[in-house]
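Engineer: Below you'll find structure_34.cif; it's mmCIF, C-alpha atoms.
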```cif
data_entry
#
loop_
_atom_site.label_atom_id
_atom_site.label_comp_id
_atom_site.auth_asym_id
_atom_site.auth_seq_id
_atom_site.Cartn_x
_atom_site.Cartn_y
_atom_site.Cartn_z
CA MET A 248 7.72 5.01 -4.92
CA SER A 249 9.16 2.23 -7.04
CA LYS A 250 12.16 0.27 -5.81
CA PRO A 251 15.39 0.74 -7.74
CA VAL A 252 16.63 -2.31 -9.65
CA VAL A 253 20.25 -3.50 -9.38
CA ALA A 254 21.60 -6.11 -11.82
CA ILE A 255 24.69 -8.30 -11.47
CA VAL A 256 26.67 -8.96 -14.66
CA GLY A 257 29.84 -11.01 -15.14
CA ARG A 258 31.62 -13.97 -16.75
CA PRO A 259 31.03 -17.59 -15.67
CA ASN A 260 32.51 -18.60 -12.33
CA VAL A 261 33.41 -15.10 -11.13
CA GLY A 262 30.94 -15.45 -8.24
CA LYS A 263 27.70 -13.83 -9.46
CA SER A 264 25.44 -16.31 -7.71
CA THR A 265 27.59 -16.31 -4.56
CA LEU A 266 27.30 -12.53 -4.38
CA PHE A 267 23.57 -12.69 -5.11
CA ASN A 268 23.05 -15.21 -2.31
CA ALA A 269 25.23 -13.24 0.14
CA LEU A 270 23.09 -10.12 -0.45
CA ALA A 271 19.75 -11.92 -0.66
CA GLY A 272 20.55 -13.70 2.60
CA SER A 273 19.61 -17.17 1.42
CA LYS A 274 20.54 -19.66 -1.25
CA ILE A 275 17.98 -18.49 -3.77
CA SER A 276 20.12 -18.71 -6.87
CA ILE A 277 21.64 -22.07 -7.75
CA VAL A 278 25.41 -21.72 -7.42
CA GLN A 279 26.38 -24.65 -9.66
CA ASP A 280 26.16 -23.42 -13.23
CA THR A 281 24.70 -26.64 -14.61
CA PRO A 282 23.35 -26.26 -18.14
CA GLY A 283 19.58 -26.70 -18.11
CA VAL A 284 19.11 -25.94 -14.43
CA THR A 285 16.38 -23.34 -14.37
CA ARG A 286 16.65 -20.83 -11.60
CA ASP A 287 13.22 -19.86 -10.50
CA ARG A 288 14.17 -17.09 -8.14
CA ILE A 289 16.47 -14.74 -9.97
CA TYR A 290 15.39 -11.67 -8.05
CA ALA A 291 15.27 -10.72 -4.39
CA ASP A 292 14.55 -7.64 -2.31
CA VAL A 293 17.61 -6.36 -0.46
CA THR A 294 17.70 -3.67 2.23
CA TRP A 295 20.83 -1.67 3.03
CA LEU A 296 20.62 1.06 5.68
CA ASP A 297 17.29 2.76 4.85
CA LYS A 298 17.19 1.77 1.17
CA THR A 299 15.42 -1.23 -0.32
CA PHE A 300 16.10 -2.38 -3.87
CA THR A 301 15.36 -5.31 -6.15
CA LEU A 302 18.48 -7.32 -7.00
CA ILE A 303 18.50 -9.38 -10.19
CA ASP A 304 21.00 -12.08 -11.10
CA THR A 305 21.28 -12.02 -14.89
CA GLY A 306 23.15 -15.37 -14.89
CA GLY A 307 22.53 -17.76 -17.71
CA ILE A 308 26.02 -17.99 -19.24
CA GLU A 309 27.18 -21.51 -20.00
CA PRO A 310 30.98 -22.01 -20.08
CA ASP A 311 31.48 -23.00 -23.69
CA SER A 312 33.78 -21.56 -26.32
CA GLY A 313 35.19 -18.07 -25.87
CA ASP A 314 32.99 -16.64 -28.64
CA VAL A 315 29.80 -18.01 -27.14
CA ILE A 316 30.73 -16.70 -23.71
CA LEU A 317 31.33 -13.24 -25.10
CA SER A 318 28.07 -13.17 -27.06
CA GLN A 319 26.13 -14.43 -24.04
CA MET A 320 27.84 -11.89 -21.81
CA ARG A 321 26.80 -9.15 -24.18
CA GLU A 322 23.23 -10.47 -24.11
CA GLN A 323 23.34 -10.52 -20.33
CA ALA A 324 24.80 -7.01 -20.16
CA GLN A 325 22.02 -5.85 -22.48
CA ILE A 326 19.39 -7.30 -20.13
CA ALA A 327 21.01 -5.40 -17.26
CA ILE A 328 21.25 -2.17 -19.27
CA ASP A 329 17.59 -2.40 -20.31
CA THR A 330 16.23 -3.32 -16.92
CA ALA A 331 18.40 -1.93 -14.13
CA ASP A 332 18.96 1.45 -12.51
CA VAL A 333 22.44 0.40 -11.33
CA ILE A 334 24.70 -2.33 -12.77
CA VAL A 335 27.17 -4.31 -10.68
CA PHE A 336 29.93 -5.60 -12.98
CA ILE A 337 31.72 -8.43 -11.20
CA THR A 338 35.23 -9.62 -12.16
CA ASP A 339 37.63 -12.16 -10.66
CA VAL A 340 40.99 -11.11 -9.20
CA ARG A 341 42.38 -14.65 -9.62
CA GLN A 342 41.57 -14.90 -13.32
CA GLY A 343 42.75 -11.32 -13.85
CA LEU A 344 41.55 -8.97 -16.54
CA VAL A 345 40.41 -10.82 -19.67
CA ASP A 346 39.40 -9.67 -23.12
CA SER A 347 35.66 -10.29 -22.68
CA ASP A 348 35.66 -8.13 -19.52
CA ALA A 349 36.99 -5.20 -21.57
CA LYS A 350 34.39 -5.71 -24.33
CA VAL A 351 31.49 -5.83 -21.88
CA ALA A 352 32.91 -2.81 -20.01
CA ASP A 353 32.69 -0.87 -23.32
CA MET A 354 29.01 -1.71 -23.64
CA LEU A 355 28.30 -0.74 -20.06
CA ARG A 356 30.20 2.52 -20.41
CA ARG A 357 28.18 3.48 -23.47
CA SER A 358 24.89 2.70 -21.72
CA GLN A 359 25.17 5.84 -19.56
CA LYS A 360 23.94 3.75 -16.61
CA PRO A 361 25.79 3.88 -13.27
CA VAL A 362 28.22 0.91 -13.13
CA ILE A 363 29.82 -0.36 -9.93
CA LEU A 364 32.99 -2.32 -10.75
CA VAL A 365 33.54 -5.14 -8.25
CA VAL A 366 36.61 -7.37 -8.06
CA ASN A 367 35.68 -10.63 -6.33
CA LYS A 368 37.70 -13.35 -4.53
CA VAL A 369 39.95 -10.80 -2.78
CA ASP A 370 40.35 -12.90 0.37
CA SER A 371 43.41 -10.92 1.48
CA MET A 372 43.87 -7.22 0.79
CA GLN A 373 47.66 -7.40 1.27
CA LYS A 374 48.04 -10.29 -1.10
CA PHE A 375 45.74 -9.13 -3.94
CA MET A 376 45.61 -5.33 -3.80
CA MET A 377 48.19 -4.82 -6.60
CA ASP A 378 46.13 -7.17 -8.82
CA VAL A 379 42.97 -5.17 -8.06
CA TYR A 380 44.58 -2.00 -9.47
CA GLU A 381 44.84 -3.70 -12.88
CA PHE A 382 41.03 -3.35 -13.24
CA TYR A 383 41.34 0.45 -13.43
CA ASN A 384 42.26 -0.30 -17.08
CA LEU A 385 38.59 -1.06 -17.81
CA GLY A 386 37.92 2.68 -17.57
CA ILE A 387 34.64 2.35 -15.67
CA GLY A 388 35.66 3.75 -12.33
CA GLU A 389 37.31 2.58 -9.16
CA PRO A 390 37.35 -1.20 -8.59
CA ILE A 391 35.88 -2.28 -5.23
CA PRO A 392 37.60 -5.36 -3.78
CA ILE A 393 35.27 -7.93 -2.16
CA SER A 394 35.09 -11.58 -1.23
CA ALA A 395 31.49 -12.71 -1.76
CA ALA A 396 32.22 -16.13 -0.25
CA ASN A 397 33.68 -14.62 2.95
CA ARG A 398 31.33 -11.61 2.91
CA MET A 399 34.22 -9.16 2.99
CA GLY A 400 33.89 -5.66 1.52
CA LEU A 401 30.15 -5.97 0.87
CA GLY A 402 29.33 -2.90 2.99
CA ASP A 403 31.60 -0.63 0.94
CA MET A 404 30.12 -2.03 -2.25
CA LEU A 405 26.51 -1.48 -1.04
CA ASP A 406 27.35 2.10 -0.01
CA GLU A 407 28.48 2.78 -3.58
CA ILE A 408 25.37 1.11 -5.05
CA VAL A 409 22.85 3.11 -3.00
CA LYS A 410 24.67 6.39 -3.77
CA GLU A 411 23.61 5.90 -7.40
CA PHE A 412 19.87 5.55 -6.72
CA PRO A 413 17.68 8.27 -8.22
CA GLN A 414 16.81 10.87 -5.59
CA ASP A 415 13.16 11.12 -6.54
CA ALA A 416 12.30 7.69 -7.92
CA GLY A 417 8.70 8.57 -8.76
CA SER A 418 7.61 12.15 -8.08
CA GLU A 419 4.64 12.98 -5.87
CA GLU A 420 2.43 13.96 -8.79
CA GLU A 421 3.14 10.69 -10.54
CA GLU A 422 2.44 8.75 -7.35
CA GLU A 423 -1.16 9.97 -7.45
CA ILE A 424 -1.75 8.68 -10.97
CA PRO A 425 -2.76 4.99 -10.95
CA ARG A 426 -0.11 2.80 -12.58
CA ILE A 427 -1.35 -0.31 -14.37
CA ALA A 428 1.03 -3.01 -15.61
CA ILE A 429 -0.11 -5.19 -18.50
CA VAL A 430 1.61 -8.55 -18.04
CA GLY A 431 1.34 -12.01 -19.53
CA LYS A 432 3.13 -14.54 -21.69
CA PRO A 433 4.59 -13.48 -25.04
CA ASN A 434 2.04 -13.13 -27.86
CA VAL A 435 -1.11 -12.88 -25.73
CA GLY A 436 -1.80 -9.44 -27.17
CA LYS A 437 -0.19 -7.02 -24.68
CA SER A 438 0.87 -4.58 -27.42
CA SER A 439 -2.51 -4.79 -29.14
CA LEU A 440 -4.26 -4.02 -25.89
CA ILE A 441 -2.05 -0.99 -25.19
CA ASN A 442 -2.63 0.24 -28.77
CA ARG A 443 -6.37 -0.26 -28.40
CA LEU A 444 -6.37 1.67 -25.11
CA LEU A 445 -4.54 4.52 -26.81
CA GLY A 446 -6.54 4.44 -30.02
CA GLU A 447 -10.14 4.59 -28.86
CA GLU A 448 -10.86 8.32 -28.67
CA ARG A 449 -8.36 8.56 -25.87
CA VAL A 450 -6.00 11.44 -25.44
CA ILE A 451 -2.37 10.51 -24.96
CA VAL A 452 -1.30 13.17 -22.52
CA SER A 453 2.37 12.32 -22.77
CA ASP A 454 4.79 9.50 -23.39
CA ILE A 455 6.99 9.10 -20.36
CA ALA A 456 10.25 7.47 -21.39
CA GLY A 457 10.21 4.21 -19.47
CA THR A 458 11.85 5.81 -16.45
CA THR A 459 15.19 4.03 -16.55
CA ARG A 460 13.76 0.76 -17.78
CA ASP A 461 12.74 -0.60 -21.13
CA ALA A 462 9.02 -0.85 -20.42
CA VAL A 463 7.39 2.18 -21.98
CA ASP A 464 5.10 4.06 -19.62
CA THR A 465 2.23 5.69 -21.47
CA ARG A 466 -0.10 8.21 -19.95
CA VAL A 467 -3.72 7.80 -21.02
CA ALA A 468 -6.77 9.91 -20.19
CA TRP A 469 -10.16 8.22 -20.03
CA GLU A 470 -13.31 10.09 -19.00
CA GLY A 471 -11.33 12.88 -17.39
CA ARG A 472 -9.00 10.64 -15.37
CA ASP A 473 -5.30 9.95 -15.99
CA TYR A 474 -3.70 6.51 -15.92
CA ILE A 475 -0.15 5.33 -16.56
CA PHE A 476 0.07 2.03 -18.42
CA ILE A 477 3.30 0.07 -18.08
CA ASP A 478 3.78 -2.04 -21.19
CA THR A 479 6.09 -5.03 -20.80
CA ALA A 480 5.62 -6.17 -24.38
CA GLY A 481 8.50 -4.36 -26.12
CA LEU A 482 11.99 -5.51 -27.05
CA ARG A 483 11.83 -8.65 -29.12
CA ARG A 484 15.50 -9.12 -29.90
CA LYS A 485 16.48 -11.57 -32.60
CA GLY A 486 18.24 -14.86 -32.00
CA LYS A 487 17.54 -15.06 -28.31
CA VAL A 488 17.88 -18.41 -26.57
CA LYS A 489 14.46 -19.60 -25.41
CA GLU A 490 15.58 -19.84 -21.77
CA GLU A 491 16.98 -16.32 -21.86
CA ILE A 492 13.67 -14.98 -23.20
CA GLU A 493 11.86 -16.63 -20.32
CA ARG A 494 14.37 -15.35 -17.81
CA TYR A 495 14.18 -11.87 -19.27
CA SER A 496 10.38 -11.81 -19.32
CA VAL A 497 10.34 -12.84 -15.64
CA ILE A 498 12.72 -9.99 -14.74
CA ARG A 499 10.66 -7.54 -16.76
CA THR A 500 7.42 -8.76 -15.24
CA VAL A 501 8.80 -8.46 -11.72
CA THR A 502 10.02 -4.89 -12.24
CA ALA A 503 6.74 -3.86 -13.92
CA VAL A 504 4.68 -5.41 -11.11
CA GLU A 505 6.87 -3.69 -8.49
CA ARG A 506 6.09 -0.31 -10.01
CA ALA A 507 2.36 -0.83 -10.58
CA HIS A 508 -0.67 -0.36 -8.36
CA ILE A 509 -2.78 -2.73 -10.44
CA VAL A 510 -1.69 -5.68 -12.56
CA VAL A 511 -3.75 -6.76 -15.56
CA ILE A 512 -2.85 -10.38 -16.30
CA LEU A 513 -3.61 -11.06 -19.94
CA ILE A 514 -4.58 -14.64 -20.79
CA ASP A 515 -5.02 -16.02 -24.30
CA ALA A 516 -8.58 -17.38 -24.68
CA THR A 517 -7.47 -19.72 -27.44
CA GLU A 518 -4.90 -21.36 -25.14
CA GLY A 519 -6.72 -21.18 -21.82
CA VAL A 520 -5.01 -20.53 -18.49
CA THR A 521 -1.49 -22.01 -18.26
CA GLU A 522 1.11 -22.73 -15.58
CA GLN A 523 3.09 -19.70 -16.75
CA ASP A 524 0.02 -17.50 -16.24
CA ALA A 525 -0.27 -18.84 -12.69
CA LYS A 526 3.42 -17.97 -12.05
CA ILE A 527 2.92 -14.42 -13.33
CA ALA A 528 -0.22 -14.05 -11.19
CA GLY A 529 1.77 -15.32 -8.19
CA ILE A 530 4.28 -12.46 -8.58
CA ALA A 531 1.42 -9.91 -8.42
CA HIS A 532 -0.16 -11.68 -5.44
CA GLU A 533 3.14 -11.83 -3.48
CA ASN A 534 3.59 -8.11 -4.08
CA GLY A 535 0.11 -7.29 -2.75
CA LYS A 536 -1.07 -5.64 -5.98
CA GLY A 537 -4.59 -5.22 -7.29
CA VAL A 538 -5.28 -7.94 -9.87
CA ILE A 539 -7.52 -8.09 -12.92
CA VAL A 540 -7.44 -11.23 -15.07
CA ALA A 541 -8.33 -10.24 -18.62
CA VAL A 542 -9.07 -13.08 -21.04
CA ASN A 543 -8.09 -11.72 -24.46
CA LYS A 544 -9.04 -12.93 -27.97
CA TRP A 545 -12.54 -13.75 -26.68
CA ASP A 546 -13.83 -12.98 -30.19
CA ALA A 547 -11.82 -15.96 -31.52
CA ILE A 548 -13.64 -18.54 -29.37
CA GLU A 549 -16.65 -20.55 -30.49
CA LYS A 550 -19.15 -20.10 -27.70
CA ASN A 551 -22.26 -21.72 -26.33
CA ASP A 552 -24.18 -20.90 -23.14
CA LYS A 553 -21.66 -22.80 -20.98
CA THR A 554 -18.35 -21.49 -22.41
CA ILE A 555 -17.95 -18.54 -20.05
CA TYR A 556 -18.72 -20.68 -16.97
CA LYS A 557 -16.23 -23.36 -17.98
CA PHE A 558 -13.56 -20.72 -18.57
CA THR A 559 -14.30 -18.93 -15.31
CA ASN A 560 -14.16 -22.17 -13.30
CA LYS A 561 -10.85 -23.21 -14.88
CA ILE A 562 -9.24 -19.82 -14.10
CA ARG A 563 -10.61 -19.78 -10.54
CA GLU A 564 -9.27 -23.32 -10.03
CA THR A 565 -5.78 -22.50 -11.35
CA LEU A 566 -5.61 -19.22 -9.40
CA ALA A 567 -7.31 -20.63 -6.30
CA TYR A 568 -4.98 -18.64 -4.01
CA MET A 569 -6.38 -15.34 -5.32
CA PRO A 570 -10.19 -15.65 -5.34
CA TYR A 571 -10.37 -11.85 -5.04
CA ALA A 572 -9.02 -11.30 -8.61
CA GLU A 573 -11.48 -9.58 -10.95
CA LEU A 574 -12.21 -11.46 -14.17
CA ILE A 575 -13.09 -9.88 -17.51
CA PHE A 576 -13.41 -11.23 -21.07
CA ILE A 577 -12.14 -8.85 -23.76
CA SER A 578 -10.86 -8.55 -27.31
CA ALA A 579 -8.05 -6.09 -27.92
CA LYS A 580 -8.57 -6.65 -31.65
CA THR A 581 -12.26 -5.69 -31.81
CA GLY A 582 -12.33 -3.43 -28.74
CA GLN A 583 -14.93 -5.66 -27.04
CA ARG A 584 -15.42 -4.67 -23.36
CA ILE A 585 -12.43 -2.28 -23.32
CA GLN A 586 -14.64 0.30 -21.61
CA ARG A 587 -15.49 -2.33 -19.00
CA LEU A 588 -11.74 -2.79 -18.37
CA PHE A 589 -11.44 0.88 -17.35
CA GLU A 590 -14.51 0.59 -15.12
CA THR A 591 -12.98 -2.48 -13.45
CA ILE A 592 -9.64 -0.68 -12.97
CA ASN A 593 -11.47 2.20 -11.26
CA ALA A 594 -13.35 -0.19 -8.99
CA VAL A 595 -10.13 -1.97 -7.97
CA ILE A 596 -8.38 1.38 -7.26
CA GLU A 597 -11.25 2.27 -4.91
CA ASN A 598 -11.06 -1.09 -3.14
CA GLN A 599 -7.27 -0.89 -2.78
CA THR A 600 -7.46 2.50 -1.11
CA LEU A 601 -10.56 1.87 1.01
CA ARG A 602 -10.11 2.70 4.69
CA VAL A 603 -12.46 1.21 7.26
CA GLN A 604 -12.94 2.90 10.64
CA THR A 605 -11.73 0.94 13.65
CA GLY A 606 -15.18 1.02 15.27
CA VAL A 607 -16.83 -0.55 12.22
CA LEU A 608 -14.06 -3.16 11.90
CA ASN A 609 -14.54 -4.27 15.49
CA GLU A 610 -18.31 -4.58 15.09
CA ILE A 611 -17.69 -7.01 12.23
CA LEU A 612 -15.00 -8.77 14.27
CA SER A 613 -17.21 -9.32 17.34
CA GLU A 614 -20.03 -10.59 15.12
CA ALA A 615 -17.60 -13.01 13.40
CA VAL A 616 -16.27 -14.27 16.76
CA ALA A 617 -19.83 -14.78 18.03
CA MET A 618 -20.73 -16.82 14.95
CA GLN A 619 -17.61 -19.00 15.00
CA GLN A 620 -15.60 -19.53 18.16
CA PRO A 621 -11.86 -18.83 17.85
CA PRO A 622 -9.67 -21.98 17.95
CA SER A 623 -8.14 -23.32 21.15
CA ASP A 624 -5.14 -25.54 21.83
CA LYS A 625 -4.37 -27.57 24.98
CA GLY A 626 -7.17 -25.83 26.85
CA LYS A 627 -6.02 -22.30 25.90
CA ARG A 628 -8.43 -20.35 23.69
CA LEU A 629 -7.52 -17.60 21.27
CA LYS A 630 -8.81 -14.21 22.38
CA ILE A 631 -9.07 -11.45 19.79
CA PHE A 632 -9.00 -8.02 21.46
CA TYR A 633 -9.39 -5.67 18.52
CA MET A 634 -8.42 -4.95 14.94
CA THR A 635 -7.34 -1.75 13.18
CA GLN A 636 -6.41 -0.83 9.61
CA VAL A 637 -2.86 0.49 9.28
CA SER A 638 -2.40 1.05 5.55
CA VAL A 639 -3.83 0.78 2.04
CA ARG A 640 -2.53 -0.68 -1.26
CA PRO A 641 -3.15 -3.37 -0.17
CA PRO A 642 -5.51 -2.79 2.78
CA THR A 643 -3.52 -4.02 5.80
CA PHE A 644 -4.99 -4.82 9.20
CA VAL A 645 -3.33 -5.42 12.56
CA VAL A 646 -5.18 -7.90 14.78
CA PHE A 647 -4.31 -7.90 18.50
CA VAL A 648 -4.63 -11.29 20.22
CA ASN A 649 -3.60 -13.00 23.47
CA ASP A 650 -1.41 -15.63 21.72
CA LYS A 651 -0.15 -15.44 18.11
CA GLU A 652 0.41 -19.21 17.96
CA LEU A 653 -3.33 -19.82 18.35
CA MET A 654 -4.27 -17.60 15.39
CA HIS A 655 -4.47 -20.30 12.73
CA PHE A 656 -4.33 -19.44 9.05
CA SER A 657 -7.88 -20.79 8.59
CA TYR A 658 -9.30 -18.43 11.22
CA THR A 659 -7.50 -15.44 9.64
CA ARG A 660 -9.08 -16.44 6.34
CA TYR A 661 -12.50 -16.67 8.02
CA ILE A 662 -12.13 -13.06 9.26
CA GLU A 663 -10.91 -12.00 5.80
CA ASN A 664 -14.04 -13.51 4.24
CA LYS A 665 -16.24 -11.61 6.73
CA LEU A 666 -14.51 -8.33 5.77
CA ARG A 667 -15.00 -9.12 2.09
CA ASP A 668 -18.69 -9.91 2.70
CA ALA A 669 -19.07 -6.49 4.31
CA PHE A 670 -16.92 -4.30 2.06
CA GLY A 671 -16.27 -6.26 -1.13
CA PHE A 672 -12.56 -5.46 -1.53
CA ARG A 673 -12.78 -7.08 -4.97
CA GLY A 674 -9.60 -7.11 -7.00
CA THR A 675 -7.26 -6.50 -4.06
CA PRO A 676 -5.52 -8.84 -1.62
CA LEU A 677 -5.84 -8.09 2.11
CA ARG A 678 -2.91 -8.36 4.51
CA PHE A 679 -3.16 -9.31 8.18
CA ILE A 680 -0.49 -8.71 10.82
CA ILE A 681 -1.10 -10.64 14.03
CA ARG A 682 0.28 -9.05 17.21
CA GLU A 683 0.13 -9.97 20.88
CA ARG A 684 -1.09 -7.14 23.05
CA GLY A 685 1.83 -5.14 24.43
CA GLU A 686 4.08 -6.28 21.56
CA LYS A 687 6.04 -3.44 20.01
CA GLY A 688 6.95 -2.80 16.36
#
```
Just dump the structure as C-alpha cells.
Structural biologist:
Amino acid sequence: MSKPVVAIVGRPNVGKSTLFNALAGSKISIVQDTPGVTRDRIYADVTWLDKTFTLIDTGGIEPDSGDVILSQMREQAQIAIDTADVIVFITDVRQGLVDSDAKVADMLRRSQKPVILVVNKVDSMQKFMMDVYEFYNLGIGEPIPISAANRMGLGDMLDEIVKEFPQDAGSEEEEEIPRIAIVGKPNVGKSSLINRLLGEERVIVSDIAGTTRDAVDTRVAWEGRDYIFIDTAGLRRKGKVKEEIERYSVIRTVTAVERAHIVVILIDATEGVTEQDAKIAGIAHENGKGVIVAVNKWDAIEKNDKTIYKFTNKIRETLAYMPYAELIFISAKTGQRIQRLFETINAVIENQTLRVQTGVLNEILSEAVAMQQPPSDKGKRLKIFYMTQVSVRPPTFVVFVNDKELMHFSYTRYIENKLRDAFGFRGTPLRFIIRERGEKG
C-alpha cells in the first residue's frame, strides 16, 4: 500500500521548516530562508500512531515584494495540490490574517483536497486564543493552534491529518499488479517511452486517474499480464523558476518511487549518466525498489564495438552502490528493445518476490563461513548462528549472531554476494537485519 503524502504550504517565516523539522525529528530542512540555499532533503517519512506518511516541505518562497510572494505561494500551493493527499496550510498568529493567506485559501478550497488549517506561534493559549479565531474567516475549517518551535499542539494536528487519509490507499487487486515508475531528468524521453509502451499492439485496459496525485497511472497488458506504469513526465507549467522545477521533480520522483515496485531510471544516451541520474537512482535504492537502468536514445549514438562497454562501465562506476541494477539500451523513438524491457521487468519482479527456504540459506551460509572466516576483534570472533528470510520486495534476511558489533559491513556484503551467486537476485537490492540471539523485536 502506498504511503499518503502530506504537504506543508505557507508564507515566508510562518514556521514551515520548523514544523517540518519538528515532525521529521531532525534538522533536515534548512530553517534560514537564504536565497540560493538548496535544500536537498525536502521530504521525510513520519509515523503517528499506526500511520506512516511522507511529509513534503514545499518551501522555496523568497521574501521579496508582495506580488512575488503571492505568485510564489500560488505556485507552491499548486505543487501541494498536485502532489499531496492532505495539505497542511500554516499561518502565523503574530502576523495575523493577511491578504495572501485568503487568496491561497481560495485555491486550496477549490482543489477539493483535505486541508488542515494550522495557526503557528501560539505559545500561550490564553494569550492568543482570540487571535486564532480570526482564521475561521478563511473558510477552510477549524484552525488548530500550535507552536512548532515549542512542539505544542502537534498531537492534535497529527490526529486531524491522519483522519483524512484514504481508507483503502491501494486496493488488494491493485496491489497484485506490478507498478513500474518511469523516472529520470526532464527531456530524457519519459513520455515517449510511455507512449511507445502503449502504442505497440498493447491493450490499454484502463486509465486510472493518478490516484490523488498528478502522475498518471496507466494500465497496460503485455502478453497476457497486466502492469501499471506510473508516468512522472506530465505537468510542464509555464514560467517556472528553474529551482522550483528541480524541487518539484524531486517531490514527484519520491512519491512515484514510493508507490512503485520497480523503478525504471531513464538515462539520455546523448548526455551520458549525470549526477542528477545518480541522485534519482539513490532515491530508488534507499526505498529498496527493484531497479532497471534504461539508456534511451541509443539509436542517436554513433557506435563502434567498444561503445556499449564504455557506456556500461561509466554507469556501473557512477552507480557503484547498486551493482545489482539491470542495464538495458533502448530507443523509445524506434521501439528498439522495448520487448526486452518487459522481459527484464518480469525477471526483476520474480527476483524481488523470491523466497529462499531457511535450510537452503543456511547451507550457503555455512559454506561462506568455511571459505572466509568471520571477523574478530580483541580476541572475540563473530559467530553466525543462522539466517532466515522474513520478507520480500526487497528480499530481507535476518542474521542471528553472537555480537552485532562484530558483524562488519564488509562481511555482510560478502554474504550478500554469496546469495547473489546462488540465486541471482538481479535488479533488486537485498536487506540484512543483524540480531543477537535472544534479542526481541
Engineer: With only C-alpha atoms as the atoms that count, which of A:Ile337, A:Val467, A:Met376, A:Val252 lies nearest to A:Val409?
Structural biologist: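 Among the listed residues, the smallest separation from A:Val409 belongs to A:Val252.
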Engineer: What residues come out when you apply the PyMOL selection byres ((chain A and resi 254-256) around 8) to this file, written as JSON, numbers by chain?
Structural biologist: {"A": [252, 253, 257, 258, 263, 267, 302, 303, 304, 305, 306, 320, 323, 324, 327, 330, 331, 333, 334, 335, 336, 337]}
Engineer: On this file, the PyMOL selection byres ((chain A and resi 514) around 10) gives some set of residues; write that set as a list in words.
Structural biologist: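 Matching residues under the PyMOL selection byres ((chain A and resi 514) around 10) are Val430, Gly431, Lys432, Asn434, Val435, Gly436, Lys437, Val511, Ile512, Leu513, Asp515, Ala516, Thr517, Glu518, Gly519, Val520, Thr521, Asp524, Val540, Ala541, Val542, Asn543, Lys544, Trp545, Ile562, Phe576 and Ile577 of chain A.
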Engineer: Residues within 10 Å of A:Glu533, please, as a list in words. Count all atoms listed in the file; anything in the same chain fewer than 4 positions from it doesn't count.
Structural biologist: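 Non-adjacent residues within range: Ala528, Gly529 and Pro676 of chain A.
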Engineer: Just to confirm, what's the straight-line distance from atom CA of A:Ile475 to atom CA of A:Ile441 in Å (one decimal)?
Structural biologist: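 Taking atom CA of A:Ile475 as the start and atom CA of A:Ile441 as the end point, the length is 10.9 Å.
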Engineer: Using only C-alpha atoms, which residues of stretch 492-611 of chain A come within 8 Å of stretch 642-666 of chain A, and what is the closest atom pair for each, with the distance in Å to one decimal? Give it as JSON lines, sorted by chain and residue number.
Structural biologist:
```
{"residue": "A:Gln599", "atom": "CA", "partner": "A:Pro642", "partner_atom": "CA", "distance": 6.1}
{"residue": "A:Thr600", "atom": "CA", "partner": "A:Pro642", "partner_atom": "CA", "distance": 6.8}
{"residue": "A:Leu601", "atom": "CA", "partner": "A:Pro642", "partner_atom": "CA", "distance": 7.1}
{"residue": "A:Arg602", "atom": "CA", "partner": "A:Pro642", "partner_atom": "CA", "distance": 7.4}
{"residue": "A:Ile611", "atom": "CA", "partner": "A:Lys665", "partner_atom": "CA", "distance": 7.3}
```
Engineer: Could you write out that same residue set with C-alpha atoms as a short mmCIF file (atom, residue, chain, number, x, y, z; two decimals), in the frame of the given file?
Structural biologist:
```cif
data_model
loop_
_atom_site.label_atom_id
_atom_site.label_comp_id
_atom_site.auth_asym_id
_atom_site.auth_seq_id
_atom_site.Cartn_x
_atom_site.Cartn_y
_atom_site.Cartn_z
CA GLN A 599 -7.27 -0.89 -2.78
CA THR A 600 -7.46 2.50 -1.11
CA LEU A 601 -10.56 1.87 1.01
CA ARG A 602 -10.11 2.70 4.69
CA ILE A 611 -17.69 -7.01 12.23
#
```
Engineer: So, with all atoms listed in the file as the atoms that count, which of A:Asn367, A:Thr500, A:Thr301, A:Ser358 lies closest to A:Thr265?
Structural biologist: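 Between A:Asn367, A:Thr500, A:Thr301, A:Ser358, the residue approaching A:Thr265 most closely is A:Asn367.
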Engineer: Have a look at atom CA of A:Met377 and atom CA of A:Leu270 and let me know their distance in Å, one decimal.
Structural biologist: 26.4 Å
Engineer: Give me the result of the PyMOL selection byres ((chain A and resi 361) around 8) on this file, residue by residue, as a VMD selection string.
Structural biologist: chain A and resid 332 to 334 359 to 360 362 to 363 411
Engineer: What is the atom CA of A:Asn534-atom CA of A:Leu445 distance in Å, reported with one decimal?
Structural biologist: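 Atom CA of A:Leu445 lies 27.2 Å from atom CA of A:Asn534.
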Engineer: Do a neighbour search on A:Glu597 at 12 Å with only C-alpha atoms, toss out local chain neighbours closer than 6 positions, and write the hits as a compact mmCIF listing (two decimals) with C-alpha atoms, in the coordinates of the input.
Structural biologist:
```
# COMPACT_ATOMS: atom_id res chain seq x y z
CA PRO A 425 -2.76 4.99 -10.95
CA HIS A 508 -0.67 -0.36 -8.36
CA ILE A 509 -2.78 -2.73 -10.44
CA GLY A 537 -4.59 -5.22 -7.29
CA GLU A 590 -14.51 0.59 -15.12
CA THR A 591 -12.98 -2.48 -13.45
CA VAL A 639 -3.83 0.78 2.04
CA ARG A 640 -2.53 -0.68 -1.26
CA PRO A 641 -3.15 -3.37 -0.17
CA PRO A 642 -5.51 -2.79 2.78
CA PHE A 670 -16.92 -4.30 2.06
CA GLY A 671 -16.27 -6.26 -1.13
CA PHE A 672 -12.56 -5.46 -1.53
CA ARG A 673 -12.78 -7.08 -4.97
CA GLY A 674 -9.60 -7.11 -7.00
CA THR A 675 -7.26 -6.50 -4.06
```
Engineer: Give the answer as one residue: which of A:Ile681, A:Val351, A:Leu266, A:Ile408 has the shortest atom-to-atom distance to A:Lys368, using only C-alpha atoms?
Structural biologist: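 Smallest separation from A:Lys368 among the options: A:Leu266.
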Engineer: My list of candidates is A:Ile596, A:Ala269, A:Leu364, A:Ile527. Which is closest to A:Ala396 when distances are computed with only C-alpha atoms?
Structural biologist: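 Under the stated criterion, the closest residue is A:Ala269.
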Engineer: For A:Asn593, which residue among A:Met399, A:Ile539, A:Val261, A:Leu355 is the nearest when counting all atoms listed in the file?
Structural biologist: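 Among the listed residues, A:Ile539 lies closest to A:Asn593.
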